[in-house]
$ cat protein.txt   # compact mmCIF, C-alpha atoms
# COMPACT_ATOMS: atom_id res chain seq x y z
CA MET I 1 19.62 -112.71 -25.29
CA SER I 2 18.71 -109.05 -25.49
CA LEU I 3 21.58 -106.59 -25.59
CA SER I 4 22.22 -104.60 -22.40
CA ILE I 5 22.74 -100.87 -22.92
CA LEU I 6 23.99 -98.36 -20.34
CA VAL I 7 22.36 -94.97 -20.87
CA THR I 8 24.07 -92.14 -18.97
CA GLY I 9 21.80 -89.14 -18.37
CA GLY I 10 18.87 -91.38 -19.25
CA ALA I 11 16.32 -89.54 -17.09
CA GLY I 12 16.73 -86.35 -19.14
CA TYR I 13 14.75 -85.14 -22.14
CA ILE I 14 16.52 -86.99 -24.95
CA GLY I 15 17.72 -89.80 -22.68
CA SER I 16 14.22 -90.76 -21.50
CA HIS I 17 12.82 -90.87 -25.04
CA THR I 18 15.80 -92.96 -26.17
CA ALA I 19 15.41 -95.31 -23.19
CA LEU I 20 11.78 -95.89 -24.22
CA GLN I 21 12.65 -96.60 -27.87
CA LEU I 22 15.39 -99.00 -26.70
CA LEU I 23 12.96 -100.88 -24.45
CA LEU I 24 10.39 -101.12 -27.25
CA GLY I 25 13.19 -102.42 -29.49
CA GLY I 26 13.85 -105.30 -27.12
CA TYR I 27 16.94 -103.96 -25.37
CA LYS I 28 17.72 -104.16 -21.66
CA VAL I 29 18.32 -100.59 -20.43
CA VAL I 30 20.31 -99.48 -17.39
CA VAL I 31 20.14 -95.73 -16.64
CA VAL I 32 22.66 -93.74 -14.63
CA ASP I 33 21.63 -90.16 -13.81
CA ASN I 34 22.39 -87.76 -10.95
CA LEU I 35 18.95 -86.08 -11.43
CA ASP I 36 20.66 -82.67 -11.45
CA ASN I 37 18.44 -81.44 -14.30
CA SER I 38 15.96 -84.31 -14.64
CA SER I 39 13.35 -86.28 -12.74
CA GLN I 40 13.06 -89.95 -11.83
CA ILE I 41 9.36 -89.65 -12.68
CA SER I 42 10.33 -89.61 -16.36
CA LEU I 43 11.72 -93.14 -15.99
CA GLU I 44 8.65 -94.35 -14.10
CA ARG I 45 6.57 -93.15 -17.04
CA VAL I 46 8.98 -94.72 -19.54
CA ALA I 47 8.51 -98.08 -17.79
CA GLN I 48 4.71 -97.66 -17.99
CA LEU I 49 4.82 -96.72 -21.69
CA ALA I 50 7.05 -99.71 -22.42
CA GLN I 51 4.35 -102.00 -20.95
CA ASP I 52 5.65 -105.62 -21.05
CA HIS I 53 9.19 -104.32 -21.65
CA GLY I 54 9.08 -102.07 -18.55
CA PRO I 55 10.82 -104.59 -16.25
CA ASN I 56 13.87 -104.41 -18.56
CA LEU I 57 14.59 -100.88 -17.26
CA SER I 58 16.70 -100.25 -14.15
CA PHE I 59 17.95 -96.99 -12.63
CA HIS I 60 21.01 -96.05 -10.56
CA LYS I 61 21.26 -92.57 -9.09
CA PHE I 62 24.84 -91.31 -8.98
CA ASP I 63 27.11 -88.81 -10.69
CA LEU I 64 29.16 -90.13 -13.59
CA ARG I 65 32.26 -88.57 -12.00
CA ASP I 66 31.84 -91.01 -9.08
CA LYS I 67 34.33 -93.56 -10.41
CA PRO I 68 33.91 -96.15 -7.60
CA ALA I 69 30.13 -96.20 -8.17
CA LEU I 70 30.60 -96.62 -11.92
CA GLU I 71 33.23 -99.35 -11.40
CA GLU I 72 30.82 -101.18 -9.11
CA LEU I 73 28.04 -100.98 -11.72
CA PHE I 74 30.28 -102.31 -14.50
CA ALA I 75 31.47 -105.11 -12.20
CA SER I 76 27.86 -106.17 -11.56
CA GLU I 77 26.48 -105.80 -15.13
CA LYS I 78 27.88 -106.77 -18.52
CA PHE I 79 27.10 -103.99 -20.97
CA ASP I 80 27.11 -104.49 -24.73
CA ALA I 81 27.30 -100.75 -25.43
CA VAL I 82 26.94 -97.31 -23.83
CA ILE I 83 24.93 -94.27 -24.95
CA HIS I 84 26.44 -91.22 -23.26
CA PHE I 85 24.02 -88.29 -22.74
CA ALA I 86 25.03 -87.17 -19.24
CA GLY I 87 26.13 -83.56 -19.02
CA LEU I 88 25.10 -79.95 -18.47
CA LYS I 89 23.65 -78.38 -21.61
CA ALA I 90 22.76 -74.67 -21.28
CA VAL I 91 24.83 -72.46 -23.57
CA GLY I 92 24.23 -69.24 -21.60
CA GLU I 93 24.97 -70.85 -18.25
CA SER I 94 28.17 -72.34 -19.65
CA VAL I 95 29.42 -68.82 -20.46
CA GLN I 96 28.71 -67.76 -16.87
CA LYS I 97 30.04 -70.94 -15.23
CA PRO I 98 32.64 -72.45 -17.59
CA VAL I 99 34.58 -74.38 -14.93
CA ILE I 100 31.43 -76.19 -13.79
CA TYR I 101 30.74 -77.23 -17.40
CA TYR I 102 34.29 -78.43 -18.02
CA ASP I 103 34.29 -80.31 -14.73
CA ASN I 104 30.93 -82.00 -15.24
CA ASN I 105 31.00 -82.75 -18.96
CA LEU I 106 34.66 -83.56 -19.50
CA ILE I 107 35.50 -85.35 -16.24
CA GLY I 108 32.32 -87.42 -16.57
CA THR I 109 33.35 -88.48 -20.08
CA ILE I 110 36.93 -89.25 -19.00
CA VAL I 111 35.73 -91.45 -16.11
CA LEU I 112 33.26 -93.23 -18.40
CA LEU I 113 35.86 -93.98 -21.10
CA ASP I 114 38.33 -95.21 -18.48
CA VAL I 115 35.84 -97.56 -16.79
CA MET I 116 34.51 -98.85 -20.12
CA ALA I 117 38.04 -99.71 -21.23
CA SER I 118 38.91 -101.49 -18.00
CA HIS I 119 35.80 -103.67 -18.33
CA GLY I 120 36.21 -104.40 -22.04
CA CYS I 121 33.09 -102.52 -23.12
CA LYS I 122 34.23 -100.62 -26.22
CA LYS I 123 31.07 -99.66 -28.09
CA LEU I 124 29.95 -96.08 -27.51
CA VAL I 125 27.35 -93.68 -28.94
CA PHE I 126 28.39 -90.17 -27.88
CA SER I 127 25.88 -87.33 -27.60
CA SER I 128 27.40 -84.38 -29.45
CA SER I 129 25.80 -81.23 -30.80
CA ALA I 130 25.50 -78.94 -33.82
CA THR I 131 27.05 -76.26 -31.58
CA VAL I 132 30.43 -77.69 -32.67
CA TYR I 133 29.85 -75.99 -36.04
CA GLY I 134 29.84 -72.56 -34.40
CA TRP I 135 28.58 -69.95 -36.84
CA PRO I 136 28.75 -71.81 -40.15
CA LYS I 137 29.66 -69.75 -43.20
CA VAL I 138 28.06 -72.36 -45.49
CA VAL I 139 24.85 -74.35 -44.95
CA PRO I 140 23.77 -77.07 -44.82
CA CYS I 141 26.38 -78.30 -42.32
CA THR I 142 27.97 -81.55 -43.44
CA GLU I 143 30.00 -83.79 -41.16
CA GLU I 144 33.10 -82.39 -42.91
CA SER I 145 32.18 -78.75 -42.24
CA PRO I 146 34.75 -76.80 -40.18
CA ILE I 147 34.22 -77.20 -36.44
CA CYS I 148 34.70 -74.27 -34.11
CA ALA I 149 32.60 -74.14 -30.95
CA MET I 150 31.79 -70.61 -29.77
CA ASN I 151 30.98 -71.22 -26.09
CA PRO I 152 32.10 -73.48 -23.23
CA TYR I 153 29.17 -75.88 -23.64
CA GLY I 154 29.99 -76.36 -27.33
CA ARG I 155 33.66 -76.79 -26.49
CA THR I 156 32.86 -79.57 -24.00
CA LYS I 157 31.13 -81.40 -26.87
CA LEU I 158 34.03 -80.70 -29.21
CA PHE I 159 36.61 -81.88 -26.63
CA GLY I 160 34.44 -84.94 -25.92
CA GLU I 161 34.54 -85.80 -29.62
CA GLU I 162 38.31 -85.33 -29.68
CA MET I 163 38.70 -87.60 -26.64
CA CYS I 164 36.73 -90.30 -28.43
CA ARG I 165 38.88 -89.93 -31.55
CA ASP I 166 42.08 -90.18 -29.51
CA VAL I 167 40.79 -93.23 -27.62
CA TYR I 168 40.07 -94.95 -30.94
CA LYS I 169 43.49 -94.01 -32.35
CA SER I 170 45.13 -95.55 -29.28
CA ASP I 171 43.05 -98.74 -29.46
CA SER I 172 41.32 -99.70 -32.72
CA THR I 173 39.11 -102.31 -31.02
CA TRP I 174 36.81 -99.44 -29.99
CA LYS I 175 33.71 -98.73 -32.12
CA ILE I 176 32.42 -95.19 -31.54
CA ILE I 177 29.67 -93.14 -33.20
CA LEU I 178 29.42 -89.39 -32.55
CA LEU I 179 25.92 -87.99 -33.11
CA ARG I 180 25.64 -84.24 -33.68
CA TYR I 181 22.08 -83.21 -32.79
CA PHE I 182 20.48 -80.14 -34.23
CA ASN I 183 17.47 -78.71 -32.28
CA PRO I 184 15.44 -81.41 -30.50
CA VAL I 185 11.78 -80.49 -29.90
CA GLY I 186 8.45 -82.24 -29.41
CA ALA I 187 7.59 -85.04 -27.00
CA HIS I 188 6.36 -88.61 -26.98
CA PRO I 189 2.91 -88.72 -28.65
CA SER I 190 1.40 -90.06 -25.39
CA GLY I 191 2.09 -86.72 -23.69
CA ALA I 192 3.55 -88.66 -20.73
CA ILE I 193 7.21 -87.67 -21.21
CA GLY I 194 8.73 -84.47 -22.59
CA ASP I 195 11.13 -81.59 -22.00
CA ASP I 196 11.06 -80.27 -18.42
CA PRO I 197 13.95 -77.83 -17.95
CA ARG I 198 14.65 -76.42 -14.51
CA GLY I 199 14.32 -72.66 -14.13
CA ILE I 200 14.16 -70.42 -17.20
CA PRO I 201 14.29 -72.44 -20.44
CA ASN I 202 17.31 -71.86 -22.68
CA ASN I 203 15.69 -73.10 -25.88
CA LEU I 204 12.84 -71.77 -28.01
CA MET I 205 10.18 -74.46 -27.73
CA PRO I 206 10.19 -75.06 -23.95
CA PHE I 207 9.87 -71.28 -23.56
CA VAL I 208 6.99 -71.17 -26.07
CA GLN I 209 5.16 -73.96 -24.24
CA GLN I 210 5.56 -72.15 -20.89
CA VAL I 211 4.01 -69.01 -22.43
CA ALA I 212 1.16 -71.13 -23.83
CA VAL I 213 0.29 -72.62 -20.41
CA GLY I 214 0.50 -69.22 -18.69
CA ARG I 215 3.78 -69.68 -16.82
CA ARG I 216 5.45 -66.79 -18.67
CA PRO I 217 3.90 -63.63 -20.12
CA ALA I 218 5.57 -63.50 -23.53
CA LEU I 219 8.26 -64.92 -25.80
CA THR I 220 11.23 -62.66 -26.53
CA VAL I 221 12.37 -63.01 -30.14
CA TYR I 222 16.06 -62.11 -30.40
CA GLY I 223 16.93 -60.70 -33.81
CA THR I 224 14.34 -59.60 -36.37
CA ASP I 225 16.72 -58.15 -38.98
CA TYR I 226 18.52 -61.24 -40.21
CA GLY I 227 18.73 -61.81 -43.95
CA THR I 228 15.99 -64.46 -43.79
CA LYS I 229 12.45 -64.45 -45.21
CA ASP I 230 10.92 -63.07 -42.01
CA GLY I 231 14.04 -61.58 -40.40
CA THR I 232 14.30 -64.20 -37.63
CA GLY I 233 16.97 -66.85 -37.20
CA ILE I 234 16.64 -70.23 -38.89
CA ARG I 235 17.36 -73.58 -37.24
CA ASP I 236 16.93 -77.27 -37.98
CA TYR I 237 14.34 -78.63 -35.53
CA ILE I 238 14.08 -82.41 -35.08
CA HIS I 239 11.38 -84.40 -33.29
CA VAL I 240 12.83 -86.02 -30.17
CA VAL I 241 11.38 -89.43 -31.15
CA ASP I 242 13.19 -89.22 -34.50
CA LEU I 243 16.34 -88.33 -32.57
CA ALA I 244 15.87 -91.30 -30.24
CA ASP I 245 15.45 -93.60 -33.23
CA GLY I 246 18.74 -92.24 -34.58
CA HIS I 247 20.45 -93.75 -31.52
CA ILE I 248 18.89 -97.15 -32.23
CA ALA I 249 20.21 -96.88 -35.79
CA ALA I 250 23.69 -96.04 -34.45
CA LEU I 251 23.57 -99.02 -32.05
CA ASN I 252 22.52 -101.27 -34.92
CA LYS I 253 25.59 -100.21 -36.85
CA LEU I 254 27.89 -100.73 -33.84
CA SER I 255 26.39 -104.16 -33.13
CA ASP I 256 26.27 -105.52 -36.68
CA PRO I 257 29.09 -108.09 -37.02
CA SER I 258 29.02 -107.70 -40.81
CA VAL I 259 29.92 -104.00 -40.56
CA VAL I 260 33.67 -103.45 -40.67
CA CYS I 261 34.86 -101.26 -37.80
CA THR I 262 35.54 -97.87 -39.37
CA GLY I 263 36.68 -96.17 -36.20
CA CYS I 264 35.12 -93.05 -34.77
CA GLU I 265 32.34 -92.00 -37.16
CA VAL I 266 30.31 -88.79 -36.93
CA TYR I 267 26.72 -88.26 -38.11
CA ASN I 268 24.36 -85.28 -38.16
CA LEU I 269 20.86 -85.90 -36.83
CA GLY I 270 18.46 -83.28 -38.16
CA THR I 271 15.74 -82.93 -40.78
CA GLY I 272 17.87 -81.14 -43.37
CA LYS I 273 15.33 -78.29 -43.39
CA GLY I 274 15.57 -74.84 -41.84
CA THR I 275 12.62 -73.29 -39.98
CA SER I 276 12.53 -69.70 -38.72
CA VAL I 277 11.61 -68.69 -35.17
CA LEU I 278 8.37 -67.07 -36.35
CA GLU I 279 7.43 -70.10 -38.47
CA MET I 280 7.86 -72.30 -35.41
CA VAL I 281 5.76 -69.97 -33.26
CA THR I 282 2.99 -69.92 -35.90
CA ALA I 283 2.98 -73.73 -36.08
CA PHE I 284 2.74 -73.96 -32.28
CA GLU I 285 -0.13 -71.46 -32.20
CA LYS I 286 -1.95 -73.60 -34.76
CA ALA I 287 -1.34 -76.81 -32.80
CA SER I 288 -2.32 -75.36 -29.43
CA GLY I 289 -5.00 -72.85 -30.34
CA LYS I 290 -3.13 -70.39 -28.10
CA LYS I 291 -1.84 -66.95 -29.07
CA ILE I 292 1.82 -66.50 -28.12
CA PRO I 293 2.55 -62.84 -27.22
CA LEU I 294 5.88 -61.73 -28.67
CA VAL I 295 8.43 -59.15 -27.58
CA MET I 296 10.83 -58.23 -30.37
CA ALA I 297 14.43 -57.64 -29.30
CA GLY I 298 17.84 -57.14 -30.82
CA ARG I 299 20.17 -59.94 -31.82
CA ARG I 300 21.91 -61.88 -29.08
CA PRO I 301 25.69 -61.84 -29.38
CA GLY I 302 26.87 -65.21 -30.64
CA ASP I 303 23.64 -66.30 -32.35
CA ALA I 304 24.13 -67.61 -35.89
CA GLU I 305 21.75 -66.49 -38.64
CA VAL I 306 21.05 -69.83 -40.34
CA VAL I 307 22.03 -73.34 -39.22
CA TYR I 308 20.64 -76.57 -40.63
CA ALA I 309 21.95 -80.05 -41.31
CA SER I 310 22.96 -82.13 -44.24
CA THR I 311 21.53 -85.55 -43.31
CA GLU I 312 22.66 -87.60 -46.32
CA LYS I 313 25.38 -89.47 -44.46
CA ALA I 314 23.03 -90.70 -41.70
CA GLU I 315 20.41 -91.63 -44.28
CA GLN I 316 22.88 -93.68 -46.31
CA GLU I 317 25.07 -95.24 -43.60
CA LEU I 318 22.67 -95.56 -40.64
CA ASN I 319 19.55 -96.19 -42.74
CA TRP I 320 17.85 -93.47 -40.68
CA LYS I 321 15.75 -90.48 -41.73
CA ALA I 322 13.61 -88.06 -39.72
CA LYS I 323 9.93 -88.84 -40.23
CA TYR I 324 8.20 -85.94 -38.46
CA GLY I 325 7.73 -82.31 -39.52
CA ILE I 326 7.14 -79.16 -37.49
CA ASP I 327 3.37 -79.74 -37.31
CA GLU I 328 3.88 -83.07 -35.50
CA MET I 329 6.64 -81.54 -33.35
CA CYS I 330 4.32 -78.75 -32.18
CA ARG I 331 1.32 -81.07 -31.76
CA ASP I 332 3.29 -83.41 -29.48
CA GLN I 333 4.99 -80.55 -27.62
CA TRP I 334 1.60 -79.02 -26.85
CA ASN I 335 0.14 -82.38 -25.82
CA TRP I 336 2.97 -82.77 -23.29
CA ALA I 337 2.67 -79.16 -22.06
CA ASN I 338 -1.12 -79.32 -21.77
CA ASN I 339 -0.97 -82.56 -19.76
CA ASN I 340 2.02 -81.44 -17.64
CA PRO I 341 1.95 -77.62 -17.49
CA TYR I 342 4.49 -77.59 -14.66
CA GLY I 343 6.50 -80.61 -15.77
CA TYR I 344 7.07 -83.79 -13.82
CA GLU I 345 7.13 -82.34 -10.32
CA PRO I 346 4.81 -79.32 -10.16
CA CYS I 347 5.11 -78.98 -6.38
CA ALA I 348 8.89 -78.61 -6.77
CA SER I 349 8.68 -76.20 -9.70
CA THR I 350 10.99 -73.20 -9.43
CA ASP I 351 10.36 -70.39 -11.90
$ encode --input "protein.txt" --output "structure tokens"
Amino acid sequence: MSLSILVTGGAGYIGSHTALQLLLGGYKVVVVDNLDNSSQISLERVAQLAQDHGPNLSFHKFDLRDKPALEELFASEKFDAVIHFAGLKAVGESVQKPVIYYDNNLIGTIVLLDVMASHGCKKLVFSSSATVYGWPKVVPCTEESPICAMNPYGRTKLFGEEMCRDVYKSDSTWKIILLRYFNPVGAHPSGAIGDDPRGIPNNLMPFVQQVAVGRRPALTVYGTDYGTKDGTGIRDYIHVVDLADGHIAALNKLSDPSVVCTGCEVYNLGTGKGTSVLEMVTAFEKASGKKIPLVMAGRRPGDAEVVYASTEKAEQELNWKAKYGIDEMCRDQWNWANNNPYGYEPCASTD
């Protein structure tokens, strides 16, 4: 019997890649997504890429805060575990619309935890973020580094983690893994699925790809006077397929009967290497053969100078390690962008 996994937010960027890796790993996958910032086309392509495993994917369109709908789903399906991606994720927007972020991300998580408990499903992989480290004074960030989110989005991840810890403290039959992602980039090597943000991208690589395909005139580089080798900020970029595989590794740990339940464990998912903005742009130019026009600008308030992960804990305890470097990340990102210059639904594109 293959394990049945509920993936919330599974039509999104990381969710769709994880759904595919789950299917290829022999899991049955049930996706819940409200399609607020994603497209059902991603799941149609996931089913095609999964080939013989495609029929093991099913999709339900509703908002995670819709408790009756979630109750009905849990009553009709027996889930072995849940991977929880669903949530709004734009840092800048969260500063402008904090209440919407708290409502969506926290209420959705509360409803999910409540319904899981009432149906006896107590294995959870929670999608967290390196934003919980704020502006780290020391790098690399280890799982024991101080946590101090600097914006509402980051705080929703931090509060989500705390909820999970409190749930475990109240009931030790739960098994929860918190995964703190660094900067996911790239796409599936097929070029069939990738990152398709609505409106103006909030992250570096989707913006770079939109410049490369002619949707935007130039990339604005914020901050050129940092104390780094080229003056631009440094981040830990991780290939989205590596990130998806990290979730399989987490599920393996949760599902292994020989592993003693250690409670609510946290792991960084990154490469352990820092790459500057200009290094990333150069690598993308090489992969795409396109020149990316740059506009140099001052630092953005709230941007950290250098953030990258310590990945030793995940390597040792999850038996997981990122395989791909920035060349593969940029190659696959360009392959996706070149095949889908306006994303999944070009006729509905709003720039």
$ closest_residue --input "protein.txt" --among "I:Leu24, I:Met205, I:Leu88, I:Leu106" --to "I:Phe284" --atoms "only C-alpha atoms"
I:Met205
$ closest_residue --input "protein.txt" --among "I:Ala283, I:Ala250, I:Leu35, I:Leu49" --to "I:Trp320" --atoms "only C-alpha atoms"
I:Ala250
$ atom_distance --input "protein.txt" --atom1 "atom CA of I:Ile83" --atom2 "atom CA of I:Asp245"
12.6 Å
$ closest_residue --input "protein.txt" --among "I:Ser127, I:Asn105, I:Asn335, I:Thr156" --to "I:Ala212" --atoms "only C-alpha atoms"
I:Asn335
$ closest_residue --input "protein.txt" --among "I:Lys169, I:Lys229, I:His53, I:Lys67" --to "I:Asp114" --atoms "only C-alpha atoms"
I:Lys67
$ closest_residue --input "protein.txt" --among "I:Gln48, I:Thr220, I:Thr275, I:Ser42" --to "I:Leu294" --atoms "all atoms listed in the file"
I:Thr220
$ atom_distance --input "protein.txt" --atom1 "atom CA of I:Ile248" --atom2 "atom CA of I:Gln316"
15.0 Å
$ residues_near_point --input "protein.txt" --point "(24.9, -80.2, -29.2)" --cutoff "10 Å" --atoms "all atoms listed in the file" --output "JSON, numbers by chain"
{"I": [89, 90, 91, 127, 128, 129, 130, 131, 132, 133, 149, 153, 154, 155, 156, 157, 158, 179, 180, 181, 182, 183, 184]}
$ write_last_selection --input "protein.txt" --atoms "C-alpha atoms" --output "tab-separated table (two decimals), keeping the file's coordinate frame"
chain	number	residue	atom	x	y	z
I	89	LYS	CA	23.65	-78.38	-21.61
I	90	ALA	CA	22.76	-74.67	-21.28
I	91	VAL	CA	24.83	-72.46	-23.57
I	127	SER	CA	25.88	-87.33	-27.60
I	128	SER	CA	27.40	-84.38	-29.45
I	129	SER	CA	25.80	-81.23	-30.80
I	130	ALA	CA	25.50	-78.94	-33.82
I	131	THR	CA	27.05	-76.26	-31.58
I	132	VAL	CA	30.43	-77.69	-32.67
I	133	TYR	CA	29.85	-75.99	-36.04
I	149	ALA	CA	32.60	-74.14	-30.95
I	153	TYR	CA	29.17	-75.88	-23.64
I	154	GLY	CA	29.99	-76.36	-27.33
I	155	ARG	CA	33.66	-76.79	-26.49
I	156	THR	CA	32.86	-79.57	-24.00
I	157	LYS	CA	31.13	-81.40	-26.87
I	158	LEU	CA	34.03	-80.70	-29.21
I	179	LEU	CA	25.92	-87.99	-33.11
I	180	ARG	CA	25.64	-84.24	-33.68
I	181	TYR	CA	22.08	-83.21	-32.79
I	182	PHE	CA	20.48	-80.14	-34.23
I	183	ASN	CA	17.47	-78.71	-32.28
I	184	PRO	CA	15.44	-81.41	-30.50
$ closest_residue --input "protein.txt" --among "I:Ala249, I:Ala47, I:Val213, I:Ile100" --to "I:Asn319" --atoms "only C-alpha atoms"
I:Ala249
$ atom_distance --input "protein.txt" --atom1 "atom CA of I:Val99" --atom2 "atom CA of I:Pro152"
8.7 Å
$ residues_around --input "protein.txt" --residues "I:Asp242" --least-positions-apart "5" --cutoff "8 Å" --atoms "only C-alpha atoms" --output "ChimeraX atom specification"
/I:321-324
$ residues_around --input "protein.txt" --residues "I:Val259" --least-positions-apart "6" --cutoff "12 Å" --atoms "all atoms listed in the file" --output "list in words"
Lys175, Ala250, Leu251, Asn252, Lys253, Glu317 and Leu318 of chain I
$ residues_around --input "protein.txt" --residues "I:Asp327" --least-positions-apart "2" --cutoff "9 Å" --atoms "all atoms listed in the file" --output "compact mmCIF listing (two decimals) with C-alpha atoms, in the coordinates of the input"
# COMPACT_ATOMS: atom_id res chain seq x y z
CA MET I 280 7.86 -72.30 -35.41
CA ALA I 283 2.98 -73.73 -36.08
CA PHE I 284 2.74 -73.96 -32.28
CA LYS I 286 -1.95 -73.60 -34.76
CA ALA I 287 -1.34 -76.81 -32.80
CA TYR I 324 8.20 -85.94 -38.46
CA GLY I 325 7.73 -82.31 -39.52
CA MET I 329 6.64 -81.54 -33.35
CA CYS I 330 4.32 -78.75 -32.18
CA ARG I 331 1.32 -81.07 -31.76
CA ASP I 332 3.29 -83.41 -29.48
$ residues_around --input "protein.txt" --residues "stretch 304-310 of chain I" --least-positions-apart "4" --cutoff "10 Å" --atoms "all atoms listed in the file" --output "mmCIF file with C-alpha atoms, keeping the file's coordinate frame"
data_model
loop_
_atom_site.group_PDB
_atom_site.id
_atom_site.type_symbol
_atom_site.label_atom_id
_atom_site.label_comp_id
_atom_site.auth_asym_id
_atom_site.auth_seq_id
_atom_site.Cartn_x
_atom_site.Cartn_y
_atom_site.Cartn_z
ATOM 1 C CA ALA I 130 25.500 -78.940 -33.820
ATOM 2 C CA THR I 131 27.050 -76.260 -31.580
ATOM 3 C CA TYR I 133 29.850 -75.990 -36.040
ATOM 4 C CA GLY I 134 29.840 -72.560 -34.400
ATOM 5 C CA TRP I 135 28.580 -69.950 -36.840
ATOM 6 C CA PRO I 136 28.750 -71.810 -40.150
ATOM 7 C CA LYS I 137 29.660 -69.750 -43.200
ATOM 8 C CA VAL I 138 28.060 -72.360 -45.490
ATOM 9 C CA VAL I 139 24.850 -74.350 -44.950
ATOM 10 C CA PRO I 140 23.770 -77.070 -44.820
ATOM 11 C CA CYS I 141 26.380 -78.300 -42.320
ATOM 12 C CA THR I 142 27.970 -81.550 -43.440
ATOM 13 C CA GLU I 143 30.000 -83.790 -41.160
ATOM 14 C CA ARG I 180 25.640 -84.240 -33.680
ATOM 15 C CA TYR I 181 22.080 -83.210 -32.790
ATOM 16 C CA PHE I 182 20.480 -80.140 -34.230
ATOM 17 C CA ASN I 183 17.470 -78.710 -32.280
ATOM 18 C CA GLY I 223 16.930 -60.700 -33.810
ATOM 19 C CA ASP I 225 16.720 -58.150 -38.980
ATOM 20 C CA TYR I 226 18.520 -61.240 -40.210
ATOM 21 C CA GLY I 227 18.730 -61.810 -43.950
ATOM 22 C CA THR I 228 15.990 -64.460 -43.790
ATOM 23 C CA GLY I 231 14.040 -61.580 -40.400
ATOM 24 C CA THR I 232 14.300 -64.200 -37.630
ATOM 25 C CA GLY I 233 16.970 -66.850 -37.200
ATOM 26 C CA ILE I 234 16.640 -70.230 -38.890
ATOM 27 C CA ARG I 235 17.360 -73.580 -37.240
ATOM 28 C CA ASP I 236 16.930 -77.270 -37.980
ATOM 29 C CA TYR I 237 14.340 -78.630 -35.530
ATOM 30 C CA TYR I 267 26.720 -88.260 -38.110
ATOM 31 C CA ASN I 268 24.360 -85.280 -38.160
ATOM 32 C CA LEU I 269 20.860 -85.900 -36.830
ATOM 33 C CA GLY I 270 18.460 -83.280 -38.160
ATOM 34 C CA THR I 271 15.740 -82.930 -40.780
ATOM 35 C CA GLY I 272 17.870 -81.140 -43.370
ATOM 36 C CA LYS I 273 15.330 -78.290 -43.390
ATOM 37 C CA GLY I 274 15.570 -74.840 -41.840
ATOM 38 C CA THR I 275 12.620 -73.290 -39.980
ATOM 39 C CA SER I 276 12.530 -69.700 -38.720
ATOM 40 C CA ARG I 299 20.170 -59.940 -31.820
ATOM 41 C CA ARG I 300 21.910 -61.880 -29.080
ATOM 42 C CA ALA I 314 23.030 -90.700 -41.700
ATOM 43 C CA GLU I 315 20.410 -91.630 -44.280
#
